[in-house]
$ cat upload.txt   # compact mmCIF, C-alpha atoms
# COMPACT_ATOMS: atom_id res chain seq x y z
CA MET A 24 -33.44 -105.69 51.42
CA ASN A 25 -36.55 -105.64 53.62
CA PHE A 26 -38.86 -108.56 54.39
CA THR A 27 -42.15 -108.85 56.24
CA PHE A 28 -43.76 -112.10 57.34
CA HIS A 29 -47.23 -112.62 58.77
CA ARG A 30 -48.56 -115.24 61.18
CA LYS A 31 -45.37 -117.25 61.68
CA ARG A 32 -43.72 -118.33 64.91
CA ILE A 33 -41.00 -120.46 66.48
CA THR A 34 -42.48 -123.14 68.74
CA GLY A 35 -39.46 -125.12 69.96
CA VAL A 36 -35.67 -124.95 70.16
CA LEU A 37 -33.26 -127.82 70.75
CA VAL A 38 -29.47 -127.44 70.58
CA VAL A 39 -27.17 -130.47 70.30
CA VAL A 40 -23.56 -130.01 71.42
CA PRO A 41 -20.88 -132.72 71.41
CA GLU A 42 -20.02 -134.00 74.89
CA ASN A 43 -16.34 -133.59 74.06
CA GLU A 44 -15.25 -130.39 75.81
CA ARG A 45 -11.92 -128.69 75.12
CA SER A 46 -10.37 -126.05 77.30
CA PHE A 47 -8.37 -123.06 76.08
CA ALA A 48 -5.98 -123.41 79.02
CA GLU A 49 -5.06 -126.90 77.86
CA GLU A 50 -4.84 -125.98 74.18
CA MET A 51 -2.63 -122.92 74.63
CA LYS A 52 0.50 -125.05 74.30
CA ASN A 53 -0.44 -125.86 70.69
CA PHE A 54 0.10 -122.25 69.71
CA ASN A 55 3.41 -120.55 69.11
CA PHE A 56 2.79 -117.85 71.68
CA PRO A 57 3.92 -117.02 75.20
CA GLU A 58 1.38 -118.22 77.75
CA ALA A 59 0.94 -114.73 79.20
CA ARG A 60 -0.21 -113.35 75.84
CA SER A 61 -2.67 -116.17 75.36
CA LEU A 62 -4.07 -115.66 78.85
CA LYS A 63 -4.67 -111.96 78.18
CA LEU A 64 -6.48 -112.92 75.00
CA LYS A 65 -8.56 -115.46 76.90
CA GLU A 66 -9.68 -112.76 79.32
CA VAL A 67 -10.63 -110.26 76.63
CA MET A 68 -12.18 -112.56 74.03
CA GLY A 69 -13.84 -114.94 76.46
CA PHE A 70 -12.11 -118.07 75.19
CA ASP A 71 -12.53 -120.85 77.73
CA LYS A 72 -14.50 -124.02 77.01
CA ARG A 73 -15.73 -125.22 73.65
CA ARG A 74 -17.49 -128.28 72.33
CA VAL A 75 -16.07 -130.14 69.35
CA VAL A 76 -16.90 -133.41 67.65
CA GLU A 77 -14.68 -136.47 67.73
CA PRO A 78 -12.96 -137.34 64.44
CA GLY A 79 -15.38 -138.71 61.88
CA VAL A 80 -18.55 -137.18 63.33
CA CYS A 81 -20.58 -135.35 60.67
CA VAL A 82 -23.45 -132.89 60.61
CA SER A 83 -26.05 -135.60 59.95
CA ASP A 84 -24.91 -137.47 63.08
CA LEU A 85 -25.67 -134.49 65.32
CA VAL A 86 -28.97 -133.80 63.58
CA VAL A 87 -30.22 -137.40 63.63
CA PHE A 88 -29.32 -137.61 67.34
CA GLY A 89 -31.28 -134.42 68.08
CA LEU A 90 -34.34 -135.39 66.06
CA GLU A 91 -34.44 -138.88 67.61
CA HIS A 92 -34.36 -137.19 71.02
CA LEU A 93 -37.40 -135.12 70.03
CA PHE A 94 -39.22 -138.18 68.65
CA ASP A 95 -38.43 -140.28 71.73
CA SER A 96 -39.52 -137.54 74.12
CA GLY A 97 -42.79 -137.00 72.27
CA ARG A 98 -42.02 -133.38 71.39
CA LEU A 99 -42.12 -134.02 67.67
CA LYS A 100 -43.74 -136.69 65.52
CA ARG A 101 -41.99 -138.03 62.43
CA ASP A 102 -44.94 -137.60 60.11
CA GLU A 103 -45.49 -133.99 61.20
CA ILE A 104 -42.38 -132.78 59.38
CA ASP A 105 -43.41 -131.24 56.08
CA ALA A 106 -40.08 -129.57 55.36
CA LEU A 107 -36.55 -130.20 56.62
CA LEU A 108 -34.41 -127.17 55.95
CA LEU A 109 -30.75 -127.72 56.78
CA VAL A 110 -28.30 -124.81 56.87
CA THR A 111 -24.63 -125.77 56.90
CA GLN A 112 -21.18 -124.98 55.52
CA THR A 113 -19.91 -128.47 56.34
CA PRO A 114 -22.17 -130.96 54.56
CA ASP A 115 -21.55 -134.69 54.84
CA HIS A 116 -21.01 -134.83 51.04
CA PHE A 117 -21.17 -132.58 48.00
CA VAL A 118 -23.90 -134.90 46.71
CA PRO A 119 -26.53 -135.67 47.96
CA PRO A 120 -27.89 -132.89 50.19
CA THR A 121 -27.37 -133.59 53.89
CA SER A 122 -31.07 -132.96 54.54
CA ASN A 123 -31.86 -135.96 52.31
CA ILE A 124 -29.35 -138.06 54.25
CA VAL A 125 -31.09 -137.12 57.51
CA GLN A 126 -34.49 -137.92 55.98
CA GLY A 127 -33.25 -141.33 54.87
CA ARG A 128 -31.56 -142.24 58.16
CA LEU A 129 -34.71 -141.35 60.09
CA ARG A 130 -37.08 -142.97 57.59
CA LEU A 131 -39.16 -139.83 57.31
CA LYS A 132 -42.10 -139.75 54.92
CA PRO A 133 -41.37 -139.20 51.21
CA ASP A 134 -44.11 -136.57 50.95
CA MET A 135 -41.94 -133.77 52.29
CA LEU A 136 -39.40 -131.19 51.20
CA CYS A 137 -35.69 -131.56 52.03
CA LEU A 138 -33.54 -128.55 51.28
CA ASP A 139 -29.93 -127.64 52.06
CA LEU A 140 -28.96 -124.00 52.36
CA SER A 141 -25.31 -122.95 52.23
CA GLN A 142 -24.92 -120.26 54.85
CA ALA A 143 -22.77 -119.82 57.93
CA CYS A 144 -22.94 -117.41 60.85
CA ALA A 145 -25.87 -115.49 59.35
CA GLY A 146 -27.59 -118.78 58.57
CA PHE A 147 -30.13 -118.84 61.37
CA VAL A 148 -31.87 -115.65 60.29
CA LEU A 149 -31.69 -116.68 56.63
CA GLY A 150 -33.02 -120.12 57.51
CA LEU A 151 -35.94 -118.59 59.40
CA MET A 152 -36.76 -116.38 56.42
CA GLN A 153 -36.81 -119.43 54.16
CA ALA A 154 -38.92 -121.37 56.67
CA PHE A 155 -41.47 -118.55 56.86
CA MET A 156 -41.73 -118.49 53.06
CA LEU A 157 -42.25 -122.26 52.91
CA LEU A 158 -45.08 -121.95 55.42
CA ASP A 159 -47.02 -119.83 52.93
CA GLN A 160 -47.65 -123.10 51.09
CA GLU A 161 -50.84 -124.76 52.23
CA SER A 162 -49.19 -128.19 52.23
CA ILE A 163 -46.47 -127.15 54.66
CA ARG A 164 -47.57 -126.83 58.26
CA LYS A 165 -44.41 -127.59 60.16
CA VAL A 166 -40.85 -126.76 59.12
CA VAL A 167 -37.89 -128.23 60.94
CA LEU A 168 -35.12 -125.66 60.59
CA VAL A 169 -31.72 -127.18 61.26
CA ASN A 170 -28.50 -125.23 61.56
CA ALA A 171 -25.46 -127.44 61.96
CA ASP A 172 -21.71 -127.20 61.46
CA VAL A 173 -18.61 -129.19 62.37
CA LEU A 174 -16.10 -126.51 61.44
CA SER A 175 -13.55 -127.74 63.99
CA ARG A 176 -12.71 -130.38 61.39
CA LYS A 177 -11.68 -127.61 59.01
CA ALA A 178 -9.64 -125.51 61.48
CA SER A 179 -5.87 -125.72 61.80
CA PRO A 180 -4.80 -126.67 65.34
CA LYS A 181 -1.80 -124.39 64.80
CA ASP A 182 -3.88 -121.32 63.93
CA ARG A 183 -4.53 -119.22 67.00
CA ASN A 184 -6.78 -116.90 64.97
CA ILE A 185 -9.36 -119.63 64.42
CA TYR A 186 -8.79 -122.82 66.38
CA PRO A 187 -9.51 -121.69 69.97
CA LEU A 188 -12.84 -120.14 69.09
CA ILE A 189 -14.50 -122.79 66.92
CA GLY A 190 -17.26 -124.94 68.36
CA ASP A 191 -19.41 -127.62 66.73
CA ALA A 192 -23.16 -127.97 67.23
CA ALA A 193 -26.56 -128.44 65.65
CA SER A 194 -29.85 -126.74 66.39
CA ILE A 195 -33.33 -127.97 65.61
CA VAL A 196 -35.93 -125.23 65.58
CA ILE A 197 -39.61 -125.85 64.89
CA VAL A 198 -41.30 -123.18 62.82
CA GLU A 199 -45.06 -123.06 62.32
CA ARG A 200 -47.94 -120.77 61.45
CA ASP A 201 -49.03 -118.46 64.25
CA PRO A 202 -52.77 -118.48 65.01
CA GLU A 203 -52.35 -114.90 66.23
CA ASP A 204 -51.98 -112.02 63.79
CA SER A 205 -48.25 -111.60 64.36
CA VAL A 206 -45.84 -109.69 62.12
CA ILE A 207 -42.11 -110.37 61.76
CA HIS A 208 -39.76 -107.92 60.07
CA ALA A 209 -36.29 -108.67 58.71
CA ASP A 210 -33.53 -106.80 56.91
CA LEU A 211 -30.74 -108.44 54.97
CA LYS A 212 -27.63 -107.36 53.11
CA MET A 213 -24.90 -109.22 51.25
CA ASP A 214 -21.55 -108.28 49.73
CA GLY A 215 -19.88 -111.00 47.72
CA SER A 216 -16.97 -108.73 46.81
CA ARG A 217 -15.65 -109.37 50.33
CA ALA A 218 -16.20 -113.14 50.25
CA GLY A 219 -12.47 -113.83 50.59
CA ALA A 220 -12.40 -112.50 54.16
CA LEU A 221 -13.92 -115.74 55.46
CA THR A 222 -13.30 -118.81 53.34
CA ILE A 223 -11.95 -122.33 53.02
CA PRO A 224 -9.72 -121.87 49.95
CA ALA A 225 -9.33 -125.52 48.90
CA GLY A 226 -11.62 -128.52 48.83
CA GLY A 227 -14.19 -127.32 46.31
CA LEU A 228 -13.94 -127.63 42.56
CA ARG A 229 -12.14 -124.29 42.08
CA GLN A 230 -9.17 -125.64 44.03
CA PRO A 231 -9.59 -129.33 44.81
CA SER A 232 -7.87 -130.79 47.87
CA THR A 233 -4.48 -132.27 47.04
CA PHE A 234 -1.38 -133.30 48.93
CA GLU A 235 -0.13 -129.71 48.56
CA THR A 236 -3.30 -128.05 49.89
CA ALA A 237 -2.99 -130.13 53.07
CA ILE A 238 0.52 -128.83 53.88
CA LEU A 239 0.70 -126.41 56.80
CA GLU A 240 2.18 -123.07 55.77
CA ASP A 241 3.56 -120.23 57.88
CA VAL A 242 0.92 -117.55 57.34
CA GLY A 243 2.47 -114.95 59.66
CA ASP A 244 1.65 -113.99 63.24
CA ASN A 245 3.21 -117.34 64.27
CA ASN A 246 0.26 -119.23 62.81
CA LEU A 247 0.37 -122.33 60.59
CA ARG A 248 -2.50 -123.11 58.25
CA ALA A 249 -3.16 -125.18 55.10
CA LYS A 250 -5.34 -124.19 52.17
CA ASP A 251 -7.74 -126.94 53.24
CA HIS A 252 -8.34 -125.04 56.48
CA LEU A 253 -10.77 -122.30 57.38
CA PHE A 254 -9.30 -118.83 56.92
CA MET A 255 -10.62 -115.67 58.55
CA ASP A 256 -9.22 -112.19 58.13
CA GLY A 257 -10.00 -111.31 61.73
CA ALA A 258 -9.36 -107.58 61.43
CA ALA A 259 -11.52 -107.27 58.30
CA ILE A 260 -14.36 -109.27 59.84
CA PHE A 261 -14.20 -107.27 63.07
CA ASN A 262 -14.38 -104.01 61.13
CA PHE A 263 -17.19 -105.37 58.93
CA VAL A 264 -19.31 -106.25 61.96
CA GLN A 265 -18.74 -102.94 63.74
CA THR A 266 -19.41 -100.92 60.59
CA GLU A 267 -22.34 -102.76 59.01
CA VAL A 268 -24.37 -104.41 61.76
CA PRO A 269 -25.38 -101.39 63.92
CA PRO A 270 -26.92 -99.43 61.00
CA LEU A 271 -28.74 -102.56 59.81
CA ILE A 272 -30.34 -103.12 63.22
CA GLU A 273 -31.05 -99.43 63.75
CA GLY A 274 -32.60 -99.23 60.27
CA LEU A 275 -34.83 -102.20 61.05
CA LEU A 276 -35.98 -100.62 64.31
CA ALA A 277 -36.60 -97.26 62.62
CA ARG A 278 -38.55 -98.88 59.79
CA THR A 279 -40.79 -100.72 62.22
CA GLY A 280 -41.09 -97.87 64.72
CA VAL A 281 -39.69 -99.92 67.59
CA SER A 282 -37.33 -98.30 70.09
CA LYS A 283 -34.26 -100.05 71.51
CA ASP A 284 -35.89 -99.92 74.93
CA ALA A 285 -38.87 -101.87 73.58
CA VAL A 286 -36.59 -104.76 72.60
CA ASP A 287 -36.02 -107.18 75.48
CA TYR A 288 -32.92 -108.82 74.00
CA PHE A 289 -30.58 -108.38 71.09
CA LEU A 290 -29.62 -111.97 70.32
CA CYS A 291 -26.61 -111.80 68.04
CA HIS A 292 -24.32 -114.32 66.47
CA GLN A 293 -21.60 -115.15 69.03
CA PRO A 294 -18.10 -114.65 67.56
CA ASN A 295 -16.39 -113.58 70.79
CA ARG A 296 -17.05 -111.51 73.89
CA PHE A 297 -14.99 -108.50 72.83
CA MET A 298 -16.72 -108.07 69.47
CA LEU A 299 -20.16 -108.23 71.08
CA GLN A 300 -19.23 -105.82 73.86
CA LYS A 301 -18.00 -103.33 71.27
CA LEU A 302 -21.19 -103.86 69.28
CA ALA A 303 -23.30 -103.19 72.37
CA GLU A 304 -21.27 -100.07 73.17
CA LYS A 305 -21.64 -98.77 69.62
CA MET A 306 -25.40 -99.33 69.72
CA LYS A 307 -25.70 -97.97 73.27
CA VAL A 308 -27.34 -101.19 74.40
CA PRO A 309 -26.60 -102.56 77.91
CA TYR A 310 -24.43 -105.68 77.90
CA ALA A 311 -27.21 -107.53 79.74
CA LYS A 312 -29.54 -107.05 76.76
CA MET A 313 -26.97 -108.45 74.34
CA PRO A 314 -25.77 -111.77 75.83
CA ASN A 315 -22.19 -112.70 74.91
CA SER A 316 -21.40 -115.82 76.93
CA VAL A 317 -21.90 -118.56 74.33
CA VAL A 318 -18.30 -118.49 73.10
CA GLU A 319 -16.86 -119.12 76.57
CA HIS A 320 -19.07 -122.15 77.19
CA PHE A 321 -19.46 -123.68 73.73
CA GLY A 322 -17.21 -121.83 71.28
CA ASN A 323 -18.38 -119.96 68.21
CA ASN A 324 -20.71 -122.53 66.68
CA SER A 325 -21.53 -120.67 63.46
CA GLY A 326 -25.23 -120.56 62.53
CA VAL A 327 -26.13 -122.44 65.72
CA SER A 328 -24.98 -119.59 67.94
CA ILE A 329 -28.30 -117.69 68.04
CA PRO A 330 -30.32 -120.82 68.94
CA THR A 331 -27.63 -121.51 71.55
CA VAL A 332 -28.16 -118.07 73.10
CA ILE A 333 -31.90 -118.72 73.10
CA ALA A 334 -31.50 -122.12 74.77
CA TYR A 335 -28.68 -121.18 77.16
CA ASN A 336 -29.54 -117.64 78.26
CA LEU A 337 -33.34 -117.79 78.07
CA ALA A 338 -33.86 -121.46 78.82
CA THR A 339 -36.78 -121.42 81.25
CA ARG A 340 -38.05 -117.90 80.65
CA LEU A 341 -39.21 -118.68 77.12
CA LEU A 342 -41.15 -121.69 78.34
CA GLN A 343 -43.29 -119.35 80.42
CA GLU A 344 -43.47 -116.02 78.66
CA ARG A 345 -43.05 -114.13 75.42
CA VAL A 346 -40.29 -111.60 74.82
CA ARG A 347 -39.53 -109.25 71.96
CA VAL A 348 -36.13 -109.97 70.46
CA CYS A 349 -33.97 -108.64 67.69
CA LEU A 350 -31.83 -111.34 66.10
CA ALA A 351 -28.66 -110.44 64.21
CA GLY A 352 -26.50 -112.81 62.19
CA PHE A 353 -23.34 -111.87 60.31
CA GLY A 354 -20.54 -113.73 58.64
CA ALA A 355 -19.41 -115.52 55.50
CA GLY A 356 -20.58 -114.18 52.20
CA LEU A 357 -20.29 -111.55 53.50
CA THR A 358 -23.83 -111.60 54.82
CA TRP A 359 -25.50 -109.60 57.57
CA SER A 360 -29.10 -109.84 58.67
CA ALA A 361 -31.45 -108.78 61.43
CA MET A 362 -34.93 -109.87 62.42
CA LEU A 363 -37.45 -108.44 64.86
CA LEU A 364 -39.94 -110.91 66.33
CA ASN A 365 -41.74 -112.07 69.43
CA LEU A 366 -40.25 -115.24 70.88
CA GLY A 367 -42.13 -117.60 73.22
CA THR A 368 -43.78 -119.26 74.71
CA LEU A 369 -41.91 -122.30 73.47
CA SER A 370 -42.96 -125.90 73.97
CA PHE A 371 -39.31 -126.85 74.52
CA ASN A 372 -36.04 -124.94 74.78
CA ALA A 373 -33.04 -127.01 75.77
CA ILE A 374 -29.45 -128.07 75.14
CA ILE A 375 -28.51 -131.75 75.01
CA GLU A 376 -25.17 -133.55 74.59
CA TYR A 377 -24.35 -135.75 71.62
CA LYS A 378 -22.82 -139.02 72.80
CA MET B 9 -2.92 -93.95 85.63
CA LYS B 10 -0.50 -95.80 83.37
CA SER B 11 0.97 -94.24 80.25
CA VAL B 12 0.36 -95.65 76.78
CA VAL B 13 3.93 -96.94 76.62
CA GLU B 14 3.59 -98.67 80.00
CA ILE B 15 0.46 -100.44 78.78
CA LEU B 16 2.20 -101.45 75.55
CA ARG B 17 5.12 -102.86 77.56
CA GLU B 18 2.72 -104.95 79.64
CA ILE B 19 1.31 -106.50 76.47
CA ARG B 20 4.61 -107.09 74.68
CA PRO B 21 7.40 -106.75 77.28
CA GLU B 22 10.00 -108.07 74.87
CA PHE B 23 9.83 -104.96 72.62
CA ASP B 24 11.10 -101.38 72.94
CA PHE B 25 8.12 -99.33 71.81
CA THR B 26 10.08 -96.07 72.01
CA ALA B 27 12.35 -97.26 69.18
CA SER B 28 9.61 -97.87 66.60
CA SER B 29 7.46 -95.43 64.63
CA ASP B 30 5.26 -98.16 63.14
CA PHE B 31 4.32 -100.88 65.62
CA ILE B 32 2.31 -102.82 63.03
CA ALA B 33 4.85 -102.82 60.18
CA ASP B 34 7.70 -103.56 62.61
CA GLY B 35 5.80 -106.56 64.00
CA LEU B 36 5.45 -105.25 67.54
CA LEU B 37 1.65 -105.59 67.52
CA ASP B 38 -0.57 -108.07 65.70
CA SER B 39 -4.36 -107.91 65.38
CA PHE B 40 -4.93 -109.84 68.61
CA ASP B 41 -2.52 -107.56 70.47
CA MET B 42 -4.62 -104.63 69.25
CA VAL B 43 -7.68 -106.22 70.84
CA THR B 44 -5.82 -106.73 74.12
CA LEU B 45 -4.51 -103.18 73.93
CA VAL B 46 -7.96 -101.67 73.33
CA ALA B 47 -9.38 -103.53 76.33
CA ALA B 48 -6.49 -102.24 78.48
CA LEU B 49 -6.80 -98.66 77.19
CA ASP B 50 -10.58 -98.63 77.74
CA LYS B 51 -10.09 -99.74 81.33
CA ASN B 52 -7.12 -97.51 82.13
CA TYR B 53 -8.56 -94.30 80.66
CA GLY B 54 -12.23 -94.96 81.37
CA VAL B 55 -13.24 -94.67 77.71
CA SER B 56 -14.85 -96.85 75.07
CA ILE B 57 -12.83 -96.92 71.88
CA PRO B 58 -15.40 -97.52 69.11
CA GLY B 59 -15.08 -100.79 67.25
CA THR B 60 -14.93 -98.91 63.95
CA ASP B 61 -11.74 -97.19 65.17
CA ILE B 62 -9.95 -100.48 65.86
CA VAL B 63 -7.95 -100.36 62.65
CA PRO B 64 -4.16 -100.62 62.20
CA GLU B 65 -3.76 -96.91 61.29
CA ASN B 66 -4.81 -95.90 64.79
CA PHE B 67 -2.24 -98.15 66.45
CA GLN B 68 0.85 -97.35 64.38
CA ASN B 69 2.70 -95.54 67.15
CA ARG B 70 2.32 -93.75 70.48
CA GLN B 71 1.15 -90.53 68.84
CA THR B 72 -1.66 -92.16 66.82
CA ILE B 73 -2.83 -94.08 69.89
CA GLU B 74 -2.86 -90.90 72.00
CA THR B 75 -4.76 -89.05 69.24
CA LEU B 76 -7.35 -91.81 69.26
CA LEU B 77 -7.64 -91.70 73.03
CA ARG B 78 -8.13 -87.91 73.02
CA LYS B 79 -10.84 -88.32 70.38
CA CYS B 80 -12.57 -90.76 72.74
CA GLY B 81 -12.43 -88.22 75.56
CA ALA B 82 -9.44 -89.53 77.51
CA GLN B 83 -7.46 -87.13 79.68
CA LEU B 84 -3.79 -87.79 78.95
$ encode --input "upload.txt" --output "structure tokens"
Amino acid sequence: MNFTFHRKRITGVLVVVPENERSFAEEMKNFNFPEARSLKLKEVMGFDKRRVVEPGVCVSDLVVFGLEHLFDSGRLKRDEIDALLLVTQTPDHFVPPTSNIVQGRLRLKPDMLCLDLSQACAGFVLGLMQAFMLLDQESIRKVVLVNADVLSRKASPKDRNIYPLIGDAASIVIVERDPEDSVIHADLKMDGSRAGALTIPAGGLRQPSTFETAILEDVGDNNLRAKDHLFMDGAAIFNFVQTEVPPLIEGLLARTGVSKDAVDYFLCHQPNRFMLQKLAEKMKVPYAKMPNSVVEHFGNNSGVSIPTVIAYNLATRLLQERVRVCLAGFGAGLTWSAMLLNLGTLSFNAIIEYK
Amino acid sequence: MKSVVEILREIRPEFDFTASSDFIADGLLDSFDMVTLVAALDKNYGVSIPGTDIVPENFQNRQTIETLLRKCGAQL
């Protein structure tokens, strides 16, 4: 499905990561594997440091911390926020929406829209699309797009397929109308028939959490996981990304008449270094134009990973100049999406620590 | 240049890869080993195995791995 948006832009990016840093070298002993095998995996996948929340910390805690930072530093005013769009797979509660919880904790004005969107690793691009659509309303001038997840709380510490790569974070991205006549193109696809490849089986109403769903089970490959934990069919997801994402991006570029050379950066979701290197090779894009270092510094932080690339890899550059980027998000759903836009100059672009 | 079996032995030294005709079914390689193996094969043979070819069928045994490598332009 193709989308076109006119006169919209991103004006600021703030990423909030927990100060609690874990290291793969220290965590290796949790897994039922020889150290040498884990070290080879570390080298190939880029597992190293990751940021995770302390027990009890929820999405709204990270988001409130980040927004208060923006208020205190004068980069955002409370009464400017016309819409708070919060994309997460790990809400504080089933009811009410986490965006309403954030609104209440910050005492934001009642004359605004709060909306939760259930999306994961593709959630930044989907969130931007929703933000652009909201900005077509005359009453909405500034959208605060939040992506936030604390998936480490849903990962089994005995599951080497998931645990060493998960990071927690929140991003706060300001989206506004562009006074210039800019055009943004996006392509999106979804396939719910493959939803089981990335799921948390228990904890919803289909299979409520019970004593049994919390029991660790031997799921093969020397991994232990409960039904309450996040499950990923790594081979299926890898194949999905390599098969579906390149034609989506290439189709978007062909539709818009933009060559790969004319794109300064391909800013993709950050699952691991190996997957992104193979993606770059498949698309014949230099590694330098498709950054892949987020996972080794912060972990795979779901829908926050693209804002993290923006804030980590292009921190100062985007404060001074504009670049043409192609964003690509892919993950649970299954969902895959790409967006071509000009990014910068931003009024802020930073990473802060949640304490 | 190392042989495919030498590279396999470096990844899982505890197994005899010459005694198995299906590394996946026999439990000699899991999905993460395949990733490690692809990285080692790419480096050793100077090729880039496409991500779409990183599927269990291509890593069943020495012959399927060598077929894949030849397809990618490796000189064995």
$ residues_around --input "upload.txt" --residues "range 53-61 of chain B" --least-positions-apart "6" --cutoff "7 Å" --atoms "only C-alpha atoms" --output "PyMOL selection string"
(chain A and resi 262+265-266+301+305) or (chain B and resi 46+80-82)
$ closest_atom_pairs --input "upload.txt" --of "chain A" --to "chain B" --cutoff "10 Å" --atoms "only C-alpha atoms" --output "Markdown table"
| residue | atom | partner | partner_atom | distance |
| --- | --- | --- | --- | --- |
| A:Pro57 | CA | B:Arg20 | CA | 10.0 |
| A:Ala59 | CA | B:Ile19 | CA | 8.7 |
| A:Arg60 | CA | B:Ile19 | CA | 7.0 |
| A:Ser61 | CA | B:Phe40 | CA | 9.5 |
| A:Lys63 | CA | B:Thr44 | CA | 6.7 |
| A:Leu64 | CA | B:Thr44 | CA | 6.3 |
| A:Lys65 | CA | B:Thr44 | CA | 9.6 |
| A:Glu66 | CA | B:Thr44 | CA | 8.8 |
| A:Val67 | CA | B:Thr44 | CA | 6.5 |
| A:Met68 | CA | B:Val43 | CA | 8.4 |
| A:Arg183 | CA | B:Phe40 | CA | 9.5 |
| A:Asn184 | CA | B:Phe40 | CA | 8.2 |
| A:Gly243 | CA | B:Asp38 | CA | 9.6 |
| A:Asp244 | CA | B:Asp38 | CA | 6.8 |
| A:Asp256 | CA | B:Ser39 | CA | 9.7 |
| A:Gly257 | CA | B:Ser39 | CA | 7.5 |
| A:Ala258 | CA | B:Ser39 | CA | 6.4 |
| A:Ala259 | CA | B:Val63 | CA | 8.9 |
| A:Phe261 | CA | B:Gly59 | CA | 7.8 |
| A:Asn262 | CA | B:Thr60 | CA | 5.9 |
| A:Phe263 | CA | B:Thr60 | CA | 8.5 |
| A:Val264 | CA | B:Gly59 | CA | 8.7 |
| A:Gln265 | CA | B:Gly59 | CA | 5.5 |
| A:Thr266 | CA | B:Thr60 | CA | 5.9 |
| A:Glu267 | CA | B:Thr60 | CA | 9.7 |
| A:Phe297 | CA | B:Val43 | CA | 7.9 |
| A:Met298 | CA | B:Gly59 | CA | 7.8 |
| A:Leu299 | CA | B:Gly59 | CA | 9.8 |
| A:Gln300 | CA | B:Gly59 | CA | 9.3 |
| A:Lys301 | CA | B:Gly59 | CA | 5.6 |
| A:Leu302 | CA | B:Gly59 | CA | 7.1 |
| A:Ala303 | CA | B:Gly59 | CA | 10.0 |
| A:Glu304 | CA | B:Ser56 | CA | 7.4 |
| A:Lys305 | CA | B:Pro58 | CA | 6.4 |
$ atom_distance --input "upload.txt" --atom1 "CA of Ser28 in chain B" --atom2 "CA of Thr72 in chain B"
12.6 Å
$ closest_residue --input "upload.txt" --among "B:Phe31, B:Lys51, B:Val12, B:Phe25" --to "Leu76 in chain B" --atoms "all atoms listed in the file"
B:Val12
$ atom_distance --input "upload.txt" --atom1 "CA of Ser205 in chain A" --atom2 "CA of Ser141 in chain A"
28.3 Å
$ residues_around --input "upload.txt" --residues "Leu271 in chain A" --least-positions-apart "2" --cutoff "12 Å" --atoms "all atoms listed in the file" --output "PDB file with C-alpha atoms, keeping the file's coordinate frame"
ATOM      1  CA  MET A  24     -33.440-105.690  51.420  1.00  0.00           C
ATOM      2  CA  ASN A  25     -36.550-105.640  53.620  1.00  0.00           C
ATOM      3  CA  ALA A 209     -36.290-108.670  58.710  1.00  0.00           C
ATOM      4  CA  ASP A 210     -33.530-106.800  56.910  1.00  0.00           C
ATOM      5  CA  LEU A 211     -30.740-108.440  54.970  1.00  0.00           C
ATOM      6  CA  LYS A 212     -27.630-107.360  53.110  1.00  0.00           C
ATOM      7  CA  MET A 213     -24.900-109.220  51.250  1.00  0.00           C
ATOM      8  CA  PHE A 263     -17.190-105.370  58.930  1.00  0.00           C
ATOM      9  CA  VAL A 264     -19.310-106.250  61.960  1.00  0.00           C
ATOM     10  CA  GLN A 265     -18.740-102.940  63.740  1.00  0.00           C
ATOM     11  CA  THR A 266     -19.410-100.920  60.590  1.00  0.00           C
ATOM     12  CA  GLU A 267     -22.340-102.760  59.010  1.00  0.00           C
ATOM     13  CA  VAL A 268     -24.370-104.410  61.760  1.00  0.00           C
ATOM     14  CA  PRO A 269     -25.380-101.390  63.920  1.00  0.00           C
ATOM     15  CA  GLU A 273     -31.050 -99.430  63.750  1.00  0.00           C
ATOM     16  CA  GLY A 274     -32.600 -99.230  60.270  1.00  0.00           C
ATOM     17  CA  LEU A 275     -34.830-102.200  61.050  1.00  0.00           C
ATOM     18  CA  LEU A 276     -35.980-100.620  64.310  1.00  0.00           C
ATOM     19  CA  ALA A 277     -36.600 -97.260  62.620  1.00  0.00           C
ATOM     20  CA  ARG A 278     -38.550 -98.880  59.790  1.00  0.00           C
ATOM     21  CA  MET A 306     -25.400 -99.330  69.720  1.00  0.00           C
ATOM     22  CA  CYS A 349     -33.970-108.640  67.690  1.00  0.00           C
ATOM     23  CA  LEU A 350     -31.830-111.340  66.100  1.00  0.00           C
ATOM     24  CA  ALA A 351     -28.660-110.440  64.210  1.00  0.00           C
ATOM     25  CA  GLY A 352     -26.500-112.810  62.190  1.00  0.00           C
ATOM     26  CA  PHE A 353     -23.340-111.870  60.310  1.00  0.00           C
ATOM     27  CA  THR A 358     -23.830-111.600  54.820  1.00  0.00           C
ATOM     28  CA  TRP A 359     -25.500-109.600  57.570  1.00  0.00           C
ATOM     29  CA  SER A 360     -29.100-109.840  58.670  1.00  0.00           C
ATOM     30  CA  ALA A 361     -31.450-108.780  61.430  1.00  0.00           C
ATOM     31  CA  MET A 362     -34.930-109.870  62.420  1.00  0.00           C
ATOM     32  CA  LEU A 363     -37.450-108.440  64.860  1.00  0.00           C
TER      33      LEU A 363
END
$ residues_near_point --input "upload.txt" --point "(-16.7, -123.2, 71.5)" --cutoff "12 Å" --atoms "only C-alpha atoms" --output "ChimeraX atom specification"
/A:40-47,68-76,172-175,185-192,293-296,316-325,327-328,331
$ closest_residue --input "upload.txt" --among "A:Val346, A:Val118, A:Val80, A:Ala373" --to "Val332 in chain A" --atoms "all atoms listed in the file"
A:Ala373
$ atom_distance --input "upload.txt" --atom1 "CA of Ala237 in chain A" --atom2 "CA of Thr113 in chain A"
17.3 Å
